[in-house]
file data.txt (compact mmCIF, C-alpha atoms)
# COMPACT_ATOMS: atom_id res chain seq x y z
CA MET X 4 -5.62 -77.83 47.24
CA ARG X 5 -2.85 -80.35 47.06
CA VAL X 6 -3.22 -83.40 49.26
CA SER X 7 -0.28 -85.66 49.95
CA LEU X 8 -0.53 -89.26 48.88
CA ASN X 9 0.18 -90.38 52.43
CA ALA X 10 -2.66 -88.24 53.79
CA LEU X 11 -5.03 -89.69 51.22
CA LEU X 12 -3.94 -93.22 52.03
CA PHE X 13 -4.24 -92.65 55.77
CA GLY X 14 -7.71 -91.18 55.38
CA PHE X 15 -8.72 -94.05 53.13
CA LEU X 16 -7.56 -96.59 55.69
CA LEU X 17 -9.49 -94.84 58.44
CA VAL X 18 -12.81 -95.23 56.67
CA THR X 19 -12.25 -98.65 55.19
CA PRO X 20 -10.70 -100.78 57.91
CA VAL X 21 -11.49 -103.95 56.03
CA LEU X 22 -9.38 -102.83 53.10
CA ALA X 23 -6.48 -102.18 55.45
CA HIS X 24 -6.41 -105.91 56.00
CA HIS X 25 -6.31 -108.70 53.56
CA GLY X 26 -9.40 -110.32 52.37
CA GLY X 27 -11.74 -107.49 51.72
CA GLY X 28 -10.31 -105.42 48.96
CA VAL X 29 -8.32 -108.20 47.35
CA GLU X 30 -10.88 -110.91 46.82
CA TYR X 31 -14.23 -109.11 47.01
CA PHE X 32 -15.93 -106.13 45.45
CA MET X 33 -16.28 -104.39 48.80
CA ASP X 34 -18.35 -101.54 47.40
CA GLN X 35 -21.05 -103.92 46.15
CA THR X 36 -23.67 -106.00 47.92
CA LYS X 37 -24.98 -109.27 46.61
CA GLY X 38 -28.12 -110.82 47.93
CA PRO X 39 -29.80 -111.54 50.10
CA VAL X 40 -29.11 -115.10 49.03
CA THR X 41 -31.08 -117.84 50.77
CA GLY X 42 -30.21 -121.49 50.96
CA THR X 43 -29.87 -124.59 53.09
CA VAL X 44 -26.73 -125.03 55.14
CA THR X 45 -24.63 -128.09 54.37
CA ALA X 46 -21.57 -127.31 56.52
CA PHE X 47 -20.24 -124.70 58.95
CA ALA X 48 -16.46 -124.43 59.22
CA PHE X 49 -15.92 -122.61 62.53
CA THR X 50 -12.17 -122.54 61.90
CA PHE X 51 -9.20 -120.31 61.31
CA PRO X 52 -8.27 -118.31 59.37
CA HIS X 53 -11.88 -117.33 58.68
CA PRO X 54 -15.04 -119.30 59.34
CA TYR X 55 -17.32 -120.01 56.42
CA ILE X 56 -20.71 -121.56 55.75
CA GLU X 57 -21.40 -123.84 52.83
CA PHE X 58 -24.99 -123.85 51.64
CA ASP X 59 -27.12 -125.08 48.75
CA VAL X 60 -29.13 -122.55 46.81
CA LYS X 61 -31.93 -123.70 44.56
CA THR X 62 -32.06 -121.70 41.35
CA ASP X 63 -35.21 -120.71 39.46
CA SER X 64 -34.69 -123.69 37.20
CA GLY X 65 -34.56 -126.03 40.16
CA ALA X 66 -30.84 -126.71 39.94
CA ILE X 67 -28.73 -126.67 43.12
CA GLU X 68 -25.82 -124.28 43.31
CA LYS X 69 -23.07 -124.74 45.90
CA TRP X 70 -22.43 -121.46 47.71
CA SER X 71 -20.05 -120.32 50.43
CA ALA X 72 -20.32 -117.35 52.79
CA VAL X 73 -17.00 -116.27 54.30
CA PHE X 74 -16.72 -114.35 57.56
CA GLN X 75 -14.33 -111.51 58.33
CA PRO X 76 -13.96 -112.17 62.09
CA THR X 77 -11.93 -115.07 63.38
CA PRO X 78 -13.63 -117.81 65.44
CA THR X 79 -12.36 -116.05 68.56
CA ASN X 80 -14.06 -112.82 67.58
CA LEU X 81 -17.28 -114.57 66.62
CA ARG X 82 -17.24 -116.40 69.92
CA ALA X 83 -16.99 -113.07 71.71
CA ALA X 84 -20.17 -112.09 69.85
CA GLY X 85 -21.95 -115.20 71.12
CA TRP X 86 -21.27 -117.68 68.33
CA THR X 87 -20.34 -121.32 68.84
CA ARG X 88 -19.50 -124.05 66.39
CA ASN X 89 -23.15 -125.07 66.72
CA SER X 90 -24.59 -121.67 65.85
CA VAL X 91 -25.12 -122.89 62.32
CA LYS X 92 -26.02 -126.49 61.55
CA PRO X 93 -26.66 -128.52 58.40
CA GLY X 94 -30.27 -128.13 57.47
CA ASP X 95 -30.56 -124.56 58.78
CA THR X 96 -31.93 -121.89 56.48
CA LEU X 97 -29.32 -119.28 55.78
CA THR X 98 -29.92 -115.84 54.35
CA VAL X 99 -26.78 -113.86 53.65
CA SER X 100 -25.85 -110.64 51.91
CA GLY X 101 -22.52 -108.99 51.34
CA PRO X 102 -19.82 -108.17 48.82
CA PRO X 103 -19.43 -110.69 46.02
CA HIS X 104 -16.18 -112.52 45.35
CA LYS X 105 -14.35 -111.14 42.33
CA SER X 106 -13.94 -114.41 40.49
CA ALA X 107 -15.97 -117.09 42.29
CA ALA X 108 -19.62 -116.47 41.44
CA THR X 109 -20.98 -118.43 44.37
CA VAL X 110 -18.73 -117.05 47.11
CA ILE X 111 -20.00 -114.14 49.17
CA PHE X 112 -18.49 -112.08 51.97
CA ALA X 113 -20.82 -112.67 54.94
CA ARG X 114 -21.63 -109.14 55.98
CA ARG X 115 -25.22 -109.82 57.14
CA VAL X 116 -26.24 -113.28 58.25
CA GLU X 117 -29.61 -114.65 59.27
CA VAL X 118 -30.00 -118.23 60.41
CA ASN X 119 -33.56 -119.57 60.48
CA GLY X 120 -34.79 -116.02 60.27
CA LYS X 121 -32.69 -114.71 63.16
CA LEU X 122 -30.01 -112.10 62.60
CA LEU X 123 -26.69 -113.17 64.07
CA GLU X 124 -24.40 -110.27 65.01
CA GLN X 125 -20.70 -110.74 64.34
CA GLY X 126 -18.98 -108.15 66.48
CA GLY X 127 -15.68 -106.93 65.10
CA GLY X 128 -12.20 -108.11 64.34
CA GLY X 129 -10.66 -110.45 61.86
CA ASN X 130 -8.10 -109.76 59.19
CA MET Q 30 -13.85 -75.13 94.73
CA ARG Q 31 -10.43 -74.39 93.35
CA ARG Q 32 -8.83 -76.03 96.38
CA LEU Q 33 -10.96 -79.14 95.79
CA ALA Q 34 -9.95 -79.26 92.15
CA LEU Q 35 -6.30 -78.93 93.09
CA LEU Q 36 -6.66 -81.66 95.70
CA ILE Q 37 -8.31 -84.01 93.20
CA PHE Q 38 -5.59 -83.25 90.68
CA ALA Q 39 -2.88 -83.95 93.22
CA VAL Q 40 -4.44 -87.27 94.23
CA VAL Q 41 -4.81 -88.38 90.63
CA PHE Q 42 -1.28 -87.26 89.78
CA VAL Q 43 0.27 -89.12 92.71
CA ALA Q 44 -1.80 -92.22 91.97
CA GLY Q 45 -0.68 -92.12 88.37
CA LEU Q 46 2.89 -91.58 89.39
CA SER Q 47 2.71 -94.54 91.77
CA ALA Q 48 1.25 -96.80 89.07
CA ARG Q 49 3.97 -95.79 86.67
CA GLN Q 50 6.70 -96.27 89.21
CA THR Q 51 5.66 -99.65 90.63
CA PHE Q 52 7.28 -101.92 88.09
CA ASP Q 53 10.62 -103.62 87.60
CA PRO Q 54 11.98 -102.52 84.21
CA ARG Q 55 13.75 -105.87 83.91
CA ASP Q 56 10.53 -107.78 84.44
CA LEU Q 57 9.11 -108.28 80.97
CA SER Q 58 6.84 -111.14 81.92
CA GLY Q 59 3.20 -111.12 80.91
CA HIS Q 60 0.91 -111.00 77.92
CA TRP Q 61 1.70 -108.11 75.61
CA ASP Q 62 -0.83 -106.91 73.04
CA ARG Q 63 0.44 -104.83 70.16
CA SER Q 64 -0.98 -101.34 70.35
CA THR Q 65 0.76 -99.73 67.38
CA PRO Q 66 -1.12 -100.43 64.16
CA ILE Q 67 1.61 -101.04 61.62
CA VAL Q 68 1.32 -104.52 60.15
CA SER Q 69 4.57 -104.36 58.20
CA PHE Q 70 8.09 -104.64 59.59
CA SER Q 71 8.75 -100.97 59.13
CA ASN Q 72 7.33 -97.73 57.75
CA VAL Q 73 7.44 -98.98 54.21
CA PRO Q 74 5.24 -97.71 51.39
CA GLY Q 75 1.70 -98.88 51.93
CA SER Q 76 2.03 -99.15 55.69
CA GLY Q 77 -0.06 -96.00 55.88
CA ARG Q 78 1.70 -94.34 58.77
CA GLY Q 79 3.35 -91.06 58.06
CA ALA Q 80 6.49 -90.74 55.98
CA THR Q 81 7.41 -94.02 54.38
CA VAL Q 82 10.77 -95.36 53.29
CA GLU Q 83 11.30 -98.38 51.11
CA ALA Q 84 13.58 -101.15 52.36
CA PRO Q 85 17.24 -100.77 51.27
CA PHE Q 86 17.14 -103.67 48.84
CA THR Q 87 20.13 -105.12 47.10
CA ALA Q 88 19.51 -106.30 43.54
CA GLU Q 89 19.08 -109.84 44.83
CA GLY Q 90 16.81 -108.59 47.60
CA LYS Q 91 14.59 -106.85 45.07
CA ARG Q 92 14.42 -110.03 43.04
CA MET Q 93 13.46 -112.04 46.13
CA ASN Q 94 10.86 -109.45 47.10
CA ASP Q 95 9.31 -109.53 43.64
CA ALA Q 96 9.06 -113.31 43.81
CA ASN Q 97 6.99 -113.11 46.99
CA LYS Q 98 3.28 -112.74 46.24
CA PRO Q 99 1.48 -111.39 49.32
CA GLY Q 100 -2.19 -110.94 50.06
CA TYR Q 101 -1.49 -107.75 52.01
CA GLY Q 102 0.00 -104.37 51.41
CA PRO Q 103 0.49 -102.41 48.21
CA ARG Q 104 1.59 -105.48 46.25
CA ARG Q 105 -1.31 -107.63 47.42
CA GLY Q 106 -2.88 -109.80 44.80
CA THR Q 107 -5.26 -112.65 44.32
CA THR Q 108 -2.51 -115.12 43.47
CA ARG Q 109 -0.24 -115.67 46.47
CA ASN Q 110 2.58 -117.77 47.77
CA ASP Q 111 2.52 -116.56 51.37
CA PRO Q 112 3.88 -119.16 53.81
CA LEU Q 113 1.07 -118.04 56.13
CA GLY Q 114 -1.52 -119.59 53.85
CA ARG Q 115 0.47 -122.79 53.45
CA CYS Q 116 0.67 -123.64 57.15
CA GLU Q 117 4.41 -122.99 57.12
CA PRO Q 118 5.99 -121.40 60.19
CA LEU Q 119 5.82 -117.62 60.18
CA GLY Q 120 9.40 -117.17 61.33
CA LEU Q 121 10.58 -115.10 64.26
CA VAL Q 122 10.46 -111.61 62.79
CA ARG Q 123 6.91 -112.01 61.61
CA HIS Q 124 5.86 -113.37 64.99
CA LEU Q 125 7.46 -110.42 66.76
CA SER Q 126 5.59 -108.01 64.53
CA THR Q 127 2.35 -109.58 65.83
CA GLU Q 128 0.83 -108.75 62.48
CA ILE Q 129 -2.48 -110.48 63.16
CA VAL Q 130 -5.42 -108.34 64.22
CA GLU Q 131 -6.66 -108.37 67.76
CA PRO Q 132 -7.10 -110.25 69.89
CA HIS Q 133 -4.41 -112.43 68.33
CA ASN Q 134 -1.76 -109.71 67.98
CA THR Q 135 -0.12 -110.75 71.19
CA PHE Q 136 2.69 -112.69 72.77
CA GLU Q 137 3.52 -113.82 76.26
CA ILE Q 138 6.96 -113.50 77.85
CA VAL Q 139 8.03 -115.92 80.56
CA GLN Q 140 11.34 -115.28 82.31
CA LEU Q 141 13.28 -118.22 83.70
CA PRO Q 142 16.63 -118.02 85.52
CA ASN Q 143 18.64 -118.84 82.40
CA ARG Q 144 16.18 -118.35 79.53
CA ILE Q 145 13.44 -116.09 78.37
CA LEU Q 146 10.58 -117.76 76.53
CA GLN Q 147 8.19 -116.03 74.19
CA PHE Q 148 4.89 -117.61 73.24
CA PHE Q 149 3.12 -116.37 70.13
CA GLU Q 150 -0.63 -116.90 70.19
CA TYR Q 151 -1.13 -116.98 66.45
CA ARG Q 152 0.02 -120.31 65.11
CA HIS Q 153 0.88 -121.40 68.67
CA ASP Q 154 4.61 -120.96 68.27
CA TRP Q 155 7.35 -120.14 70.71
CA ARG Q 156 11.02 -119.23 70.91
CA GLU Q 157 13.78 -119.24 73.50
CA ILE Q 158 16.37 -116.60 74.37
CA TRP Q 159 19.39 -117.91 76.25
CA MET Q 160 20.51 -115.55 79.01
CA ASP Q 161 23.42 -117.59 80.39
CA GLY Q 162 26.17 -115.75 78.53
CA ARG Q 163 26.65 -118.33 75.83
CA ALA Q 164 27.79 -117.24 72.39
CA LEU Q 165 25.67 -117.47 69.33
CA PRO Q 166 26.45 -120.49 67.18
CA ASP Q 167 28.21 -120.08 63.88
CA PRO Q 168 25.27 -119.97 61.48
CA LYS Q 169 27.33 -121.95 58.98
CA ALA Q 170 27.70 -124.74 61.50
CA VAL Q 171 24.03 -125.22 62.37
CA ASP Q 172 20.92 -126.17 60.49
CA PRO Q 173 18.74 -123.11 59.93
CA LYS Q 174 15.70 -122.88 62.16
CA TRP Q 175 12.45 -121.06 61.55
CA ASN Q 176 12.95 -119.03 64.76
CA GLY Q 177 16.75 -119.02 64.67
CA PHE Q 178 19.08 -119.15 67.66
CA SER Q 179 18.89 -116.32 70.21
CA VAL Q 180 21.00 -115.02 73.08
CA GLY Q 181 20.18 -112.03 75.25
CA ARG Q 182 21.80 -109.58 77.66
CA TRP Q 183 20.82 -106.49 79.57
CA GLU Q 184 22.18 -103.11 78.64
CA GLY Q 185 20.89 -101.05 81.53
CA ASP Q 186 17.16 -101.67 81.43
CA THR Q 187 17.11 -102.63 77.76
CA LEU Q 188 16.97 -106.30 76.86
CA VAL Q 189 19.13 -106.83 73.79
CA VAL Q 190 18.63 -110.07 71.88
CA ASP Q 191 20.82 -111.21 69.02
CA SER Q 192 19.82 -114.04 66.72
CA VAL Q 193 21.26 -115.97 63.79
CA GLY Q 194 20.64 -119.20 61.94
CA PHE Q 195 17.32 -118.48 60.28
CA ASP Q 196 15.51 -120.56 57.72
CA GLY Q 197 15.27 -118.30 54.69
CA ARG Q 198 11.82 -119.42 53.61
CA SER Q 199 9.93 -117.18 56.00
CA TRP Q 200 8.98 -113.56 55.29
CA VAL Q 201 9.68 -110.75 57.70
CA ASP Q 202 6.13 -109.45 57.39
CA LYS Q 203 2.82 -109.92 55.60
CA PHE Q 204 3.85 -107.50 52.87
CA GLY Q 205 6.27 -110.14 51.64
CA TYR Q 206 9.60 -108.58 52.57
CA PRO Q 207 12.18 -111.38 52.40
CA HIS Q 208 15.25 -112.40 54.31
CA SER Q 209 18.02 -114.90 53.71
CA GLU Q 210 19.72 -117.50 55.87
CA ASP Q 211 22.40 -114.89 56.48
CA MET Q 212 20.03 -112.62 58.39
CA ARG Q 213 21.19 -111.44 61.79
CA LEU Q 214 18.43 -109.99 63.93
CA GLN Q 215 18.71 -107.70 66.91
CA GLU Q 216 15.75 -106.98 69.16
CA ARG Q 217 15.79 -104.24 71.77
CA TYR Q 218 13.06 -104.39 74.41
CA ARG Q 219 12.33 -101.68 76.92
CA ARG Q 220 9.58 -101.63 79.46
CA VAL Q 221 8.85 -97.94 79.56
CA ASP Q 222 6.16 -98.11 82.23
CA ALA Q 223 4.10 -100.67 84.08
CA GLU Q 224 1.79 -101.19 81.11
CA THR Q 225 4.01 -100.56 78.09
CA LEU Q 226 6.71 -102.54 76.33
CA GLU Q 227 8.62 -101.21 73.35
CA LEU Q 228 10.45 -103.28 70.78
CA VAL Q 229 12.69 -102.21 67.93
CA MET Q 230 14.18 -104.79 65.58
CA THR Q 231 17.13 -104.42 63.25
CA ILE Q 232 17.84 -106.78 60.39
CA THR Q 233 21.36 -107.11 59.06
CA ASP Q 234 21.20 -109.21 55.92
CA PRO Q 235 23.71 -108.15 53.24
CA VAL Q 236 22.23 -110.61 50.75
CA VAL Q 237 18.86 -108.84 50.79
CA TYR Q 238 19.40 -105.38 52.29
CA ALA Q 239 22.30 -103.11 51.45
CA THR Q 240 22.32 -101.56 54.94
CA PRO Q 241 20.96 -102.63 58.32
CA TRP Q 242 17.21 -102.14 58.31
CA SER Q 243 15.36 -101.17 61.47
CA SER Q 244 11.72 -101.53 62.27
CA ASP Q 245 9.43 -98.87 63.61
CA VAL Q 246 8.88 -98.91 67.37
CA LYS Q 247 6.51 -101.73 68.17
CA ARG Q 248 4.56 -100.81 71.26
CA MET Q 249 2.71 -103.36 73.38
CA LYS Q 250 0.32 -103.03 76.27
CA LEU Q 251 0.19 -105.43 79.18
CA ASN Q 252 -2.95 -107.54 79.16
CA ARG Q 253 -3.46 -108.68 82.72
CA GLU Q 254 -6.84 -110.26 81.95
CA LYS Q 255 -5.38 -112.57 79.34
CA ALA Q 256 -3.15 -114.10 82.00
CA LYS Q 257 -6.28 -115.60 83.54
CA ARG Q 258 -7.64 -117.16 80.37
CA TRP Q 259 -7.07 -120.40 78.58
CA ASP Q 260 -4.64 -120.30 75.68
CA GLU Q 261 -6.32 -120.09 72.28
CA GLN Q 262 -4.13 -122.82 70.73
CA ILE Q 263 -4.36 -121.45 67.22
CA TYR Q 264 -2.63 -123.94 64.97
CA CYS Q 265 -2.56 -123.93 61.21
CA VAL Q 266 -4.41 -127.09 60.29
CA PRO Q 267 -3.84 -128.07 56.66
CA SER Q 268 -7.24 -129.77 56.39
CA GLU Q 269 -8.81 -126.44 57.40
CA GLU Q 270 -6.43 -123.91 55.87
CA PHE Q 271 -6.10 -125.41 52.42
CA PRO Q 272 -9.86 -125.69 51.71
CA PHE Q 273 -10.17 -122.06 52.75
CA GLN Q 274 -7.37 -120.97 50.42
CA ARG Q 275 -9.01 -122.90 47.59
CA LEU Q 276 -12.38 -121.38 48.44
CA ILE Q 277 -11.12 -117.81 48.09
CA GLN Q 278 -9.05 -118.80 45.05
CA SER Q 279 -5.83 -117.40 46.48
CA GLY Q 280 -3.64 -119.75 44.49
CA ASN Q 281 -1.78 -120.16 47.76
CA THR Q 282 -1.06 -123.83 47.50
CA LEU Q 283 2.16 -125.71 47.72
CA PRO Q 284 3.73 -126.79 44.43
CA GLU Q 285 3.43 -130.45 43.62
CA PRO Q 286 6.56 -132.42 44.61

call {"tool": "encode", "arguments": {"input": "data.txt", "output": "structure tokens"}}
result
Amino acid sequence: MRVSLNALLFGFLLVTPVLAHHGGGVEYFMDQTKGPVTGTVTAFAFTFPHPYIEFDVKTDSGAIEKWSAVFQPTPTNLRAAGWTRNSVKPGDTLTVSGPPHKSAATVIFARRVEVNGKLLEQGGGGN
Amino acid sequence: MRRLALLIFAVVFVAGLSARQTFDPRDLSGHWDRSTPIVSFSNVPGSGRGATVEAPFTAEGKRMNDANKPGYGPRRGTTRNDPLGRCEPLGLVRHLSTEIVEPHNTFEIVQLPNRILQFFEYRHDWREIWMDGRALPDPKAVDPKWNGFSVGRWEGDTLVVDSVGFDGRSWVDKFGYPHSEDMRLQERYRRVDAETLELVMTITDPVVYATPWSSDVKRMKLNREKAKRWDEQIYCVPSEEFPFQRLIQSGNTLPEP
């Protein structure tokens, strides 16, 4: 059965909305999941274009690695899901899992986020 | 039972008809959210909507297009030079495409006696359309502007807006399609019902495109709730944008002076 390229592309976009937009498929291995990674928050950038959390992760050897978890939704979309700029604070314990960045080993796409043991839902949106 | 069903149908039909009819087609005021999903200027390859047609590039246009490194579309890559990521103005065409995902894919139209103003939520930008019958300036005689110079007129119930004098550094969409300072833009707006606004744009830019190039039909829905809310005030803040671009290693930084 021959399938047109446009039909394939349209079907692909239907099931992978993130890849229809920018960040996902370009910077991250969207078909992989890294983590959960746990660390201590050092900063929360509740800003456009995409919020992100910076956190320190202690390795097995005791060294500190600087990690970042980047969100898909914009601050507006996160706010609609109940977030504020104070939802994450320095000193909080962050546990995050999601697709790994393709070239930055300590950057992760924040698909699932727990702060101090509580899952924070993200709603939808973002590009 | 059949009579009841017919009665209900008639009531709903008349109510719907009334809703559709109670609007002034020359009143375009309000917040308009894009409802058609295309994020590119037109049905170009990679836009994922039906039959696609590449832009009618000239040789120079193709060269300019190749020099643009987008983070979106079929040519997306990890190394970019998108003005969007550099806190540079998006330019009028890109604003009108409302390429940002919801709820930011929206603009507000305000109609004054002699001007129409459009406010673009994303990047908190705006433009003016002069409706007082003035002529467009000679683009050679003015300094190019990111949103150009616009005049409008009514053709029946279609608002026709012509613009010239564009800064050539902006892209027409997030796929990286270029334009030059010679671009002339025509927008045609039509309020087709109380809730729906349609926009078609045509670019005439002989430097970049061998023939006039029209967009797909951009369709917007009136968002009455948004009219009651505070403006988002989404600016591009270099101290926020640039660390993010560095974080995701987009290469989208300005060259050193």

call {"tool": "closest_residue", "arguments": {"input": "data.txt", "among": "Q:Pro207, Q:Pro272, Q:Pro132, Q:Gly114", "to": "Q:Asn252", "atoms": "only C-alpha atoms"}}
result
Q:Pro132

call {"tool": "residues_around", "arguments": {"input": "data.txt", "residues": "Q:Phe178", "least_positions_apart": "2", "cutoff": "9 Å", "atoms": "all atoms listed in the file", "output": "MDAnalysis selection string"}}
result
chainID Q and resid 156:159 165:166 168 173:174 176 180 191:195

call {"tool": "atom_distance", "arguments": {"input": "data.txt", "atom1": "atom CA of Q:Ile37", "atom2": "atom CA of Q:Phe52"}}
result
24.3 Å

call {"tool": "residues_near_point", "arguments": {"input": "data.txt", "point": "(-23.3, -126.9, 63.4)", "cutoff": "7 Å", "atoms": "only C-alpha atoms", "output": "PyMOL selection string"}}
result
chain X and resi 47+88-93

call {"tool": "atom_distance", "arguments": {"input": "data.txt", "atom1": "atom CA of Q:Asn110", "atom2": "atom CA of Q:Asn134"}}
result
22.2 Å

call {"tool": "interface_residues", "arguments": {"input": "data.txt", "of": "chain Q", "to": "chain X", "cutoff": "6 Å", "atoms": "only C-alpha atoms", "output": "list in words"}}
result
Gly77, Gly100, Tyr101 and Val130 of chain Q

call {"tool": "residues_around", "arguments": {"input": "data.txt", "residues": "X:Gly94", "least_positions_apart": "5", "cutoff": "9 Å", "atoms": "only C-alpha atoms", "output": "list in words"}}
result
Thr43, Val44, Thr45, Ala46 and Phe58 of chain X

call {"tool": "residues_around", "arguments": {"input": "data.txt", "residues": "Q:Thr127", "least_positions_apart": "5", "cutoff": "12 Å", "atoms": "only C-alpha atoms", "output": "PyMOL selection string"}}
result
chain Q and resi 61-70+119-122+132-137+148-152+154+201-203+228+247-249

call {"tool": "write_last_selection", "arguments": {"input": "data.txt", "atoms": "C-alpha atoms", "output": "short mmCIF file (atom, residue, chain, number, x, y, z; two decimals), in the frame of the given file"}}
result
data_model
loop_
_atom_site.label_atom_id
_atom_site.label_comp_id
_atom_site.auth_asym_id
_atom_site.auth_seq_id
_atom_site.Cartn_x
_atom_site.Cartn_y
_atom_site.Cartn_z
CA TRP Q 61 1.70 -108.11 75.61
CA ASP Q 62 -0.83 -106.91 73.04
CA ARG Q 63 0.44 -104.83 70.16
CA SER Q 64 -0.98 -101.34 70.35
CA THR Q 65 0.76 -99.73 67.38
CA PRO Q 66 -1.12 -100.43 64.16
CA ILE Q 67 1.61 -101.04 61.62
CA VAL Q 68 1.32 -104.52 60.15
CA SER Q 69 4.57 -104.36 58.20
CA PHE Q 70 8.09 -104.64 59.59
CA LEU Q 119 5.82 -117.62 60.18
CA GLY Q 120 9.40 -117.17 61.33
CA LEU Q 121 10.58 -115.10 64.26
CA VAL Q 122 10.46 -111.61 62.79
CA PRO Q 132 -7.10 -110.25 69.89
CA HIS Q 133 -4.41 -112.43 68.33
CA ASN Q 134 -1.76 -109.71 67.98
CA THR Q 135 -0.12 -110.75 71.19
CA PHE Q 136 2.69 -112.69 72.77
CA GLU Q 137 3.52 -113.82 76.26
CA PHE Q 148 4.89 -117.61 73.24
CA PHE Q 149 3.12 -116.37 70.13
CA GLU Q 150 -0.63 -116.90 70.19
CA TYR Q 151 -1.13 -116.98 66.45
CA ARG Q 152 0.02 -120.31 65.11
CA ASP Q 154 4.61 -120.96 68.27
CA VAL Q 201 9.68 -110.75 57.70
CA ASP Q 202 6.13 -109.45 57.39
CA LYS Q 203 2.82 -109.92 55.60
CA LEU Q 228 10.45 -103.28 70.78
CA LYS Q 247 6.51 -101.73 68.17
CA ARG Q 248 4.56 -100.81 71.26
CA MET Q 249 2.71 -103.36 73.38
#

call {"tool": "residues_near_point", "arguments": {"input": "data.txt", "point": "(12.1, -115.1, 77.9)", "cutoff": "12 Å", "atoms": "all atoms listed in the file", "output": "JSON, numbers by chain"}}
result
{"Q": [55, 56, 57, 58, 59, 60, 136, 137, 138, 139, 140, 141, 142, 143, 144, 145, 146, 147, 148, 149, 155, 156, 157, 158, 159, 160, 161, 179, 180, 181, 182, 188, 189, 190, 218]}

call {"tool": "write_last_selection", "arguments": {"input": "data.txt", "atoms": "C-alpha atoms", "output": "mmCIF file, in the frame of the given file"}}
result
data_model
loop_
_atom_site.group_PDB
_atom_site.id
_atom_site.type_symbol
_atom_site.label_atom_id
_atom_site.label_comp_id
_atom_site.auth_asym_id
_atom_site.auth_seq_id
_atom_site.Cartn_x
_atom_site.Cartn_y
_atom_site.Cartn_z
ATOM 1 C CA ARG Q 55 13.750 -105.870 83.910
ATOM 2 C CA ASP Q 56 10.530 -107.780 84.440
ATOM 3 C CA LEU Q 57 9.110 -108.280 80.970
ATOM 4 C CA SER Q 58 6.840 -111.140 81.920
ATOM 5 C CA GLY Q 59 3.200 -111.120 80.910
ATOM 6 C CA HIS Q 60 0.910 -111.000 77.920
ATOM 7 C CA PHE Q 136 2.690 -112.690 72.770
ATOM 8 C CA GLU Q 137 3.520 -113.820 76.260
ATOM 9 C CA ILE Q 138 6.960 -113.500 77.850
ATOM 10 C CA VAL Q 139 8.030 -115.920 80.560
ATOM 11 C CA GLN Q 140 11.340 -115.280 82.310
ATOM 12 C CA LEU Q 141 13.280 -118.220 83.700
ATOM 13 C CA PRO Q 142 16.630 -118.020 85.520
ATOM 14 C CA ASN Q 143 18.640 -118.840 82.400
ATOM 15 C CA ARG Q 144 16.180 -118.350 79.530
ATOM 16 C CA ILE Q 145 13.440 -116.090 78.370
ATOM 17 C CA LEU Q 146 10.580 -117.760 76.530
ATOM 18 C CA GLN Q 147 8.190 -116.030 74.190
ATOM 19 C CA PHE Q 148 4.890 -117.610 73.240
ATOM 20 C CA PHE Q 149 3.120 -116.370 70.130
ATOM 21 C CA TRP Q 155 7.350 -120.140 70.710
ATOM 22 C CA ARG Q 156 11.020 -119.230 70.910
ATOM 23 C CA GLU Q 157 13.780 -119.240 73.500
ATOM 24 C CA ILE Q 158 16.370 -116.600 74.370
ATOM 25 C CA TRP Q 159 19.390 -117.910 76.250
ATOM 26 C CA MET Q 160 20.510 -115.550 79.010
ATOM 27 C CA ASP Q 161 23.420 -117.590 80.390
ATOM 28 C CA SER Q 179 18.890 -116.320 70.210
ATOM 29 C CA VAL Q 180 21.000 -115.020 73.080
ATOM 30 C CA GLY Q 181 20.180 -112.030 75.250
ATOM 31 C CA ARG Q 182 21.800 -109.580 77.660
ATOM 32 C CA LEU Q 188 16.970 -106.300 76.860
ATOM 33 C CA VAL Q 189 19.130 -106.830 73.790
ATOM 34 C CA VAL Q 190 18.630 -110.070 71.880
ATOM 35 C CA TYR Q 218 13.060 -104.390 74.410
#

call {"tool": "closest_residue", "arguments": {"input": "data.txt", "among": "X:Ala83, X:Met33, X:Ile67, X:Val99", "to": "X:Lys121", "atoms": "only C-alpha atoms"}}
result
X:Val99

call {"tool": "residues_around", "arguments": {"input": "data.txt", "residues": "stretch 238-242 of chain Q", "least_positions_apart": "6", "cutoff": "10 Å", "atoms": "all atoms listed in the file", "output": "mmCIF file with C-alpha atoms, keeping the file's coordinate frame"}}
result
data_model
loop_
_atom_site.group_PDB
_atom_site.id
_atom_site.type_symbol
_atom_site.label_atom_id
_atom_site.label_comp_id
_atom_site.auth_asym_id
_atom_site.auth_seq_id
_atom_site.Cartn_x
_atom_site.Cartn_y
_atom_site.Cartn_z
ATOM 1 C CA PHE Q 70 8.090 -104.640 59.590
ATOM 2 C CA SER Q 71 8.750 -100.970 59.130
ATOM 3 C CA ALA Q 84 13.580 -101.150 52.360
ATOM 4 C CA PRO Q 85 17.240 -100.770 51.270
ATOM 5 C CA PHE Q 86 17.140 -103.670 48.840
ATOM 6 C CA THR Q 87 20.130 -105.120 47.100
ATOM 7 C CA ALA Q 88 19.510 -106.300 43.540
ATOM 8 C CA GLU Q 89 19.080 -109.840 44.830
ATOM 9 C CA GLY Q 90 16.810 -108.590 47.600
ATOM 10 C CA LYS Q 91 14.590 -106.850 45.070
ATOM 11 C CA PRO Q 207 12.180 -111.380 52.400
ATOM 12 C CA HIS Q 208 15.250 -112.400 54.310
ATOM 13 C CA SER Q 209 18.020 -114.900 53.710
ATOM 14 C CA MET Q 212 20.030 -112.620 58.390
ATOM 15 C CA ARG Q 213 21.190 -111.440 61.790
ATOM 16 C CA LEU Q 214 18.430 -109.990 63.930
ATOM 17 C CA MET Q 230 14.180 -104.790 65.580
ATOM 18 C CA THR Q 231 17.130 -104.420 63.250
ATOM 19 C CA ILE Q 232 17.840 -106.780 60.390
#
